[in-house]
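**Q** I am attaching a structure below and will ask some questions about it afterwards.
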Amino acid sequence: SFNNIVTKKGRTLLTAFAGSIGIIGIALILSLSNGVQSYIDGVEEDTLSSYPVTVERDAVDFTSLLEEMMKMTETGDDNDSGKIKTKNIMNDMLEAMTSDKSSNNLKKFKDYIDNSSEFKQYTSNIQYGYPLKINVYNEDINNKIIRVNPNEIVDKMGLGEAYEMSSSFMSENMNDNDVWKELYDNEDLLNSQFEVIEGKMPAKKNEVVLVVDKNEEISDYTLYTLGYIDQDELIDNMNKMLKGEEIKSSKELSYDYKDFIGDKFKLVLNTDTYEKENGIWIDKSNDEKFIKNMLKDKEELEIVGIIKPTSSTNNLLMYGGIGYTKELTHYVINEIKSAEIVKDQLDNKKINIFTGLKFGKGDFSLDSLTFEQQKYVMGLSDSEKLEFYEKYKKYSEATYESNLESLGYVDIDNPSLINIYAKDFDSKEKVTDLIESYNKKQQSAGNDEDIINYSDLVGMMMSSVKKIINMISYVL
């Protein structure tokens, strides 16, 4: 064989060269296909990190709503009558908005998720939301105490009502004017979506990070909210614009990393702003002197790092703000449960602790108050009496459940929102299949009230993407 190869060296080399072309060509095609698929998988993961499968306690079927909206663009029969006809869509849209609204039993569904290994297999993160706001205070550049979360700028500018109208059809995680957000609980997902440019990722409940965009920029809205820029300046500009006056364009500011690292905020529980006077609990959140004294001994939250989205990510979770850990959320929930005011309301399910009366007794009169309360009211000034009456009227219409919610009392096993982040499009389909399988079990067991309605924005917007991806893979 060796002698045969030696005597036919030219043909042997040409044959080897021709064979190598085929082998190398196949290897290149396989490597290119694998590389493209890896890129596609990365895009899928980044996309799904921004658009999870969302399950809300009070759910609306957005798919039906969008279908009704799409009918607006449909072309009907040709109109040869020479007259303009109406196209009736509003009743259909209103019917879609109201008839498809339902309530989900998230306590039972959360228990199912927590005990399902399949959910963990197909998801990169499962985030539970609660009707709870993390109250945070800070001193602004004028050394004034401001509440930086929940954000007060919208209300200070007189846009609160307009904002509520604009966000009425959006879920709470899609259209929120607060710049404080809970980070992903999955460390691998968090590190794949964000990179640290200074400091470190938060590891404790009292550690937070400042989030900037890919270009290491942050919106002035965020800086106004956090107190780094004077809020009064923004409000003055708003008033000038409403009057038609010219305003000066804002200068672009520049900060060093050290200007943020180490900055601290004060954590305040919902229950901390109430004080018991004459048998009823009084809201002191607007009492500046009370707030200043209260903040002296409150827990501090420190900025320990600055992070930005990685260059490859499409993450839209935060355009700039403060990110905190799940541990902080759970800490606040547990601390509120042990507060005296919460225990007082839990022990008196029929009594409104803000009025001292039974729930449903909404008509205010001095005779309805106890002797101590009447004495307290009579000793107030006219302005203080007016404020007392307004607060009394507000709380007299409350219920046992609404009182607990306003205090921040929540059941950690009963979330109001569940965001399910699938690993990729195939996993997303598996997740929706698991939800449908859960619904079938509830239906067959006669538990129709436990059937889950969910929103899949990725599925609505990108239903044909998977077919395109598969076609590209087959071609390669």
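Just remember, in the structure tokens the first chain shown is A, the second B, etc., residues are 1-based per chain, and ligands are 1-based in the order shown.
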Would you kindly return, as a PyMOL selection string, each protein, DNA or RNA residue with an atom no farther than 6 Å from any atom of segment 181-184 of chain A, considering only C-alpha atoms and excluding same-chain residues fewer than 2 positions away?

**A** chain A and resi 186+190+323-325

**Q** So which one's closest to Pro131 of chain A, A:Glu335, A:Arg57, A:Lys467, A:Lys251? Using only C-alpha atoms, please.

**A**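 Nearest candidate to Pro131 of chain A out of A:Glu335, A:Arg57, A:Lys467, A:Lys251: A:Arg57.
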
**Q** Residues near Leu434 of chain A, anyone? I mean within 10 Å using only C-alpha atoms, not counting same-chain ones fewer than 6 positions away, as an mmCIF file with C-alpha atoms, in the first residue's frame.

**A**
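part.cif written:
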data_model
loop_
_atom_site.group_PDB
_atom_site.id
_atom_site.type_symbol
_atom_site.label_atom_id
_atom_site.label_comp_id
_atom_site.auth_asym_id
_atom_site.auth_seq_id
_atom_site.Cartn_x
_atom_site.Cartn_y
_atom_site.Cartn_z
ATOM 1 C CA ILE A 113 -44.844 26.238 41.386
ATOM 2 C CA SER A 116 -42.779 21.610 40.842
ATOM 3 C CA GLU A 118 -40.429 21.151 36.015
ATOM 4 C CA PHE A 119 -40.952 24.884 36.561
ATOM 5 C CA LYS A 428 -41.465 29.355 27.434
ATOM 6 C CA LYS A 440 -56.933 21.165 33.151
#

**Q** So that I can check the secondary structure, give me every residue of segment 177-265 of chain A assigned strand (DSSP E or B) by backbone DSSP, as an NGL selection string.

**A** :A and (180-182 or 194-199 or 207-211 or 264-265)

**Q** Using only N, CA, C and O atoms, please write the residues we just selected to a file, as a compact mmCIF listing (two decimals), in the first residue's frame.

**A**
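So the final result, stored in selection-v5.txt, reads:
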# COMPACT_ATOMS: atom_id res chain seq x y z
N TRP A 180 -37.04 52.50 42.25
CA TRP A 180 -36.52 51.41 43.08
C TRP A 180 -37.16 50.11 42.62
O TRP A 180 -38.39 49.99 42.60
N LYS A 181 -36.33 49.14 42.23
CA LYS A 181 -36.83 47.87 41.70
C LYS A 181 -36.10 46.71 42.36
O LYS A 181 -34.92 46.80 42.69
N GLU A 182 -36.83 45.60 42.51
CA GLU A 182 -36.20 44.39 43.04
C GLU A 182 -35.42 43.69 41.94
O GLU A 182 -35.92 43.51 40.82
N PHE A 194 -26.40 42.02 33.73
CA PHE A 194 -25.76 43.25 34.20
C PHE A 194 -24.29 43.00 34.52
O PHE A 194 -23.93 41.91 34.96
N GLU A 195 -23.49 44.02 34.33
CA GLU A 195 -22.08 43.95 34.72
C GLU A 195 -21.77 45.07 35.70
O GLU A 195 -22.32 46.17 35.62
N VAL A 196 -20.88 44.78 36.64
CA VAL A 196 -20.49 45.75 37.65
C VAL A 196 -19.41 46.66 37.08
O VAL A 196 -18.39 46.19 36.58
N ILE A 197 -19.62 47.97 37.14
CA ILE A 197 -18.61 48.92 36.66
C ILE A 197 -17.89 49.59 37.83
O ILE A 197 -16.85 50.23 37.64
N GLU A 198 -18.44 49.45 39.02
CA GLU A 198 -17.78 49.96 40.22
C GLU A 198 -18.41 49.30 41.43
O GLU A 198 -19.63 49.08 41.48
N GLY A 199 -17.59 48.94 42.40
CA GLY A 199 -18.12 48.32 43.61
C GLY A 199 -18.45 46.85 43.42
O GLY A 199 -17.70 46.11 42.78
N GLU A 207 -27.99 46.40 51.32
CA GLU A 207 -27.10 46.81 50.24
C GLU A 207 -27.91 46.97 48.95
O GLU A 207 -28.73 46.11 48.61
N VAL A 208 -27.67 48.07 48.23
CA VAL A 208 -28.37 48.34 46.98
C VAL A 208 -27.33 48.76 45.93
O VAL A 208 -26.17 49.06 46.26
N VAL A 209 -27.76 48.77 44.66
CA VAL A 209 -26.88 49.21 43.58
C VAL A 209 -27.57 50.28 42.74
O VAL A 209 -28.79 50.30 42.63
N LEU A 210 -26.77 51.15 42.18
CA LEU A 210 -27.27 52.14 41.24
C LEU A 210 -27.20 51.54 39.84
O LEU A 210 -26.16 50.99 39.45
N VAL A 211 -28.28 51.62 39.10
CA VAL A 211 -28.34 51.05 37.75
C VAL A 211 -28.30 52.18 36.73
O VAL A 211 -29.07 53.14 36.80
N LYS A 264 -26.14 56.77 51.43
CA LYS A 264 -27.07 55.99 52.24
C LYS A 264 -28.47 56.60 52.23
O LYS A 264 -28.62 57.82 52.13
N PHE A 265 -29.45 55.72 52.34
CA PHE A 265 -30.85 56.11 52.42
C PHE A 265 -31.44 55.50 53.70
O PHE A 265 -30.90 54.53 54.24

**Q** Please provide the set of residues having any atom within 9 Å of Met294 of chain A, restricted to only C-alpha atoms, with same-chain residues fewer than 6 positions apart removed, written as a compact mmCIF listing (two decimals) with N, CA, C and O atoms, in the first residue's frame.

**A**
# COMPACT_ATOMS: atom_id res chain seq x y z
N VAL A 268 -37.89 53.06 55.90
CA VAL A 268 -39.03 53.31 56.80
C VAL A 268 -40.14 52.31 56.47
O VAL A 268 -40.52 52.16 55.31
N ASP A 272 -44.34 52.68 60.45
CA ASP A 272 -43.54 53.63 61.26
C ASP A 272 -44.13 55.04 61.28
O ASP A 272 -43.78 55.83 62.15
N THR A 273 -44.96 55.38 60.31
CA THR A 273 -45.45 56.76 60.21
C THR A 273 -46.76 56.97 60.96
O THR A 273 -47.41 58.00 60.81

**Q** Do a neighbour search on segment 134-141 of chain A at 12 Å with only C-alpha atoms, toss out local chain neighbours closer than 6 positions, and write the hits as a VMD selection string.

**A** chain A and resid 147 to 152 178 to 182 206 223 to 233 263 to 273 285 288 291 to 292 294 to 296 298 to 302 322 to 326 328 to 333 336 407 to 408

**Q** Save out the residues we just selected, C-alpha atoms, as a compact mmCIF listing (two decimals), in the first residue's frame.

**A**
# COMPACT_ATOMS: atom_id res chain seq x y z
CA ARG A 147 -39.32 60.49 50.24
CA VAL A 148 -37.49 58.90 47.33
CA ASN A 149 -39.68 55.79 47.21
CA PRO A 150 -42.57 55.59 46.52
CA ASN A 151 -41.80 58.47 44.21
CA GLU A 152 -43.59 61.74 44.99
CA ASP A 178 -40.80 54.36 40.96
CA VAL A 179 -37.08 54.00 40.32
CA TRP A 180 -36.52 51.41 43.08
CA LYS A 181 -36.83 47.87 41.70
CA GLU A 182 -36.20 44.39 43.04
CA ASN A 206 -29.26 46.72 53.39
CA LEU A 223 -31.64 61.96 39.90
CA TYR A 224 -34.58 64.25 40.72
CA THR A 225 -36.31 61.34 42.44
CA LEU A 226 -33.26 60.37 44.51
CA GLY A 227 -32.58 63.97 45.58
CA TYR A 228 -29.34 64.52 43.64
CA ILE A 229 -31.04 67.35 41.71
CA ASP A 230 -33.37 69.88 43.33
CA GLN A 231 -36.99 68.77 42.82
CA ASP A 232 -38.26 72.34 43.27
CA GLU A 233 -36.42 73.27 40.06
CA ASP A 263 -24.41 57.05 49.75
CA LYS A 264 -27.07 55.99 52.24
CA PHE A 265 -30.85 56.11 52.42
CA LYS A 266 -33.18 55.57 55.36
CA LEU A 267 -35.59 52.62 55.31
CA VAL A 268 -39.03 53.31 56.80
CA LEU A 269 -41.75 50.71 57.28
CA ASN A 270 -45.34 51.59 56.35
CA THR A 271 -46.23 51.19 60.01
CA ASP A 272 -43.54 53.63 61.26
CA THR A 273 -45.45 56.76 60.21
CA SER A 285 -46.41 60.98 57.26
CA GLU A 288 -42.03 66.94 58.97
CA ILE A 291 -40.46 62.24 60.26
CA LYS A 292 -37.11 63.88 61.11
CA MET A 294 -38.21 59.05 63.44
CA LEU A 295 -35.44 58.80 60.81
CA LYS A 296 -32.63 59.17 63.34
CA LYS A 298 -33.90 53.92 61.15
CA GLU A 299 -32.00 51.26 59.21
CA GLU A 300 -29.75 52.52 56.43
CA LEU A 301 -29.55 51.25 52.85
CA GLU A 302 -26.14 51.80 51.26
CA ILE A 322 -31.81 51.63 42.41
CA GLY A 323 -31.82 47.83 42.55
CA TYR A 324 -32.35 45.96 45.81
CA THR A 325 -32.47 42.30 46.82
CA LYS A 326 -35.36 39.96 47.56
CA LEU A 328 -34.99 43.41 51.67
CA THR A 329 -38.56 42.74 50.53
CA HIS A 330 -38.91 39.76 52.87
CA TYR A 331 -37.32 41.72 55.75
CA VAL A 332 -39.86 44.55 55.35
CA ILE A 333 -42.77 42.07 55.16
CA ILE A 336 -44.41 44.89 59.41
CA LEU A 407 -50.02 49.21 56.46
CA GLY A 408 -48.04 46.95 54.14

**Q** If we count only C-alpha atoms, what is near Tyr474 of chain A at a cut-off of 12 Å, once residues fewer than 5 positions away on the same chain are taken out, given as a PyMOL selection string?

**A** chain A and resi 29-30+33-34+36-37+467-469

**Q** So, counting only C-alpha atoms, which residue among A:Lys248, A:Lys85, A:Lys308, A:Lys107 is closest to Ser192 of chain A?

**A**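 Counting only C-alpha atoms, the residue closest to Ser192 of chain A is A:Lys308.
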
**Q** Apply DSSP to the structure's backbone, then extract all residues of segment 404-476 of chain A labelled alpha helix (DSSP H) and return them as number ranges by chain.

**A** A: 404-406, 425-444, 457-461, 465-475

**Q** List the spatial neighbours of segment 412-416 of chain A as a PyMOL selection string - criterion: any atom at most 12 Å away, only C-alpha atoms, same-chain residues fewer than 6 positions off excluded.

**A** chain A and resi 54-59+103-114+126-132+171-173+326+329-334+336-337+405

**Q** Would you give me, as CSV, each residue of segment 184-276 of chain A having an atom within 12 Å of an atom of segment 350-360 of chain A, along with its shortest atom pair and that distance in Å to one decimal, using only C-alpha atoms and sorting by chain and residue number?

**A**
residue,atom,partner,partner_atom,distance
A:Tyr274,CA,A:Phe354,CA,9.7
A:Glu275,CA,A:Phe354,CA,10.3
A:Lys276,CA,A:Phe354,CA,9.1

**Q** Suppose we keep C-alpha atoms; can you now write the selection as an mmCIF file, in the first residue's frame?

**A**
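Heads up, here's the output in result-v5.cif:
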data_model
loop_
_atom_site.group_PDB
_atom_site.id
_atom_site.type_symbol
_atom_site.label_atom_id
_atom_site.label_comp_id
_atom_site.auth_asym_id
_atom_site.auth_seq_id
_atom_site.Cartn_x
_atom_site.Cartn_y
_atom_site.Cartn_z
ATOM 1 C CA TYR A 274 -48.388 56.097 62.547
ATOM 2 C CA GLU A 275 -48.665 57.109 66.189
ATOM 3 C CA LYS A 276 -51.390 56.156 68.667
#
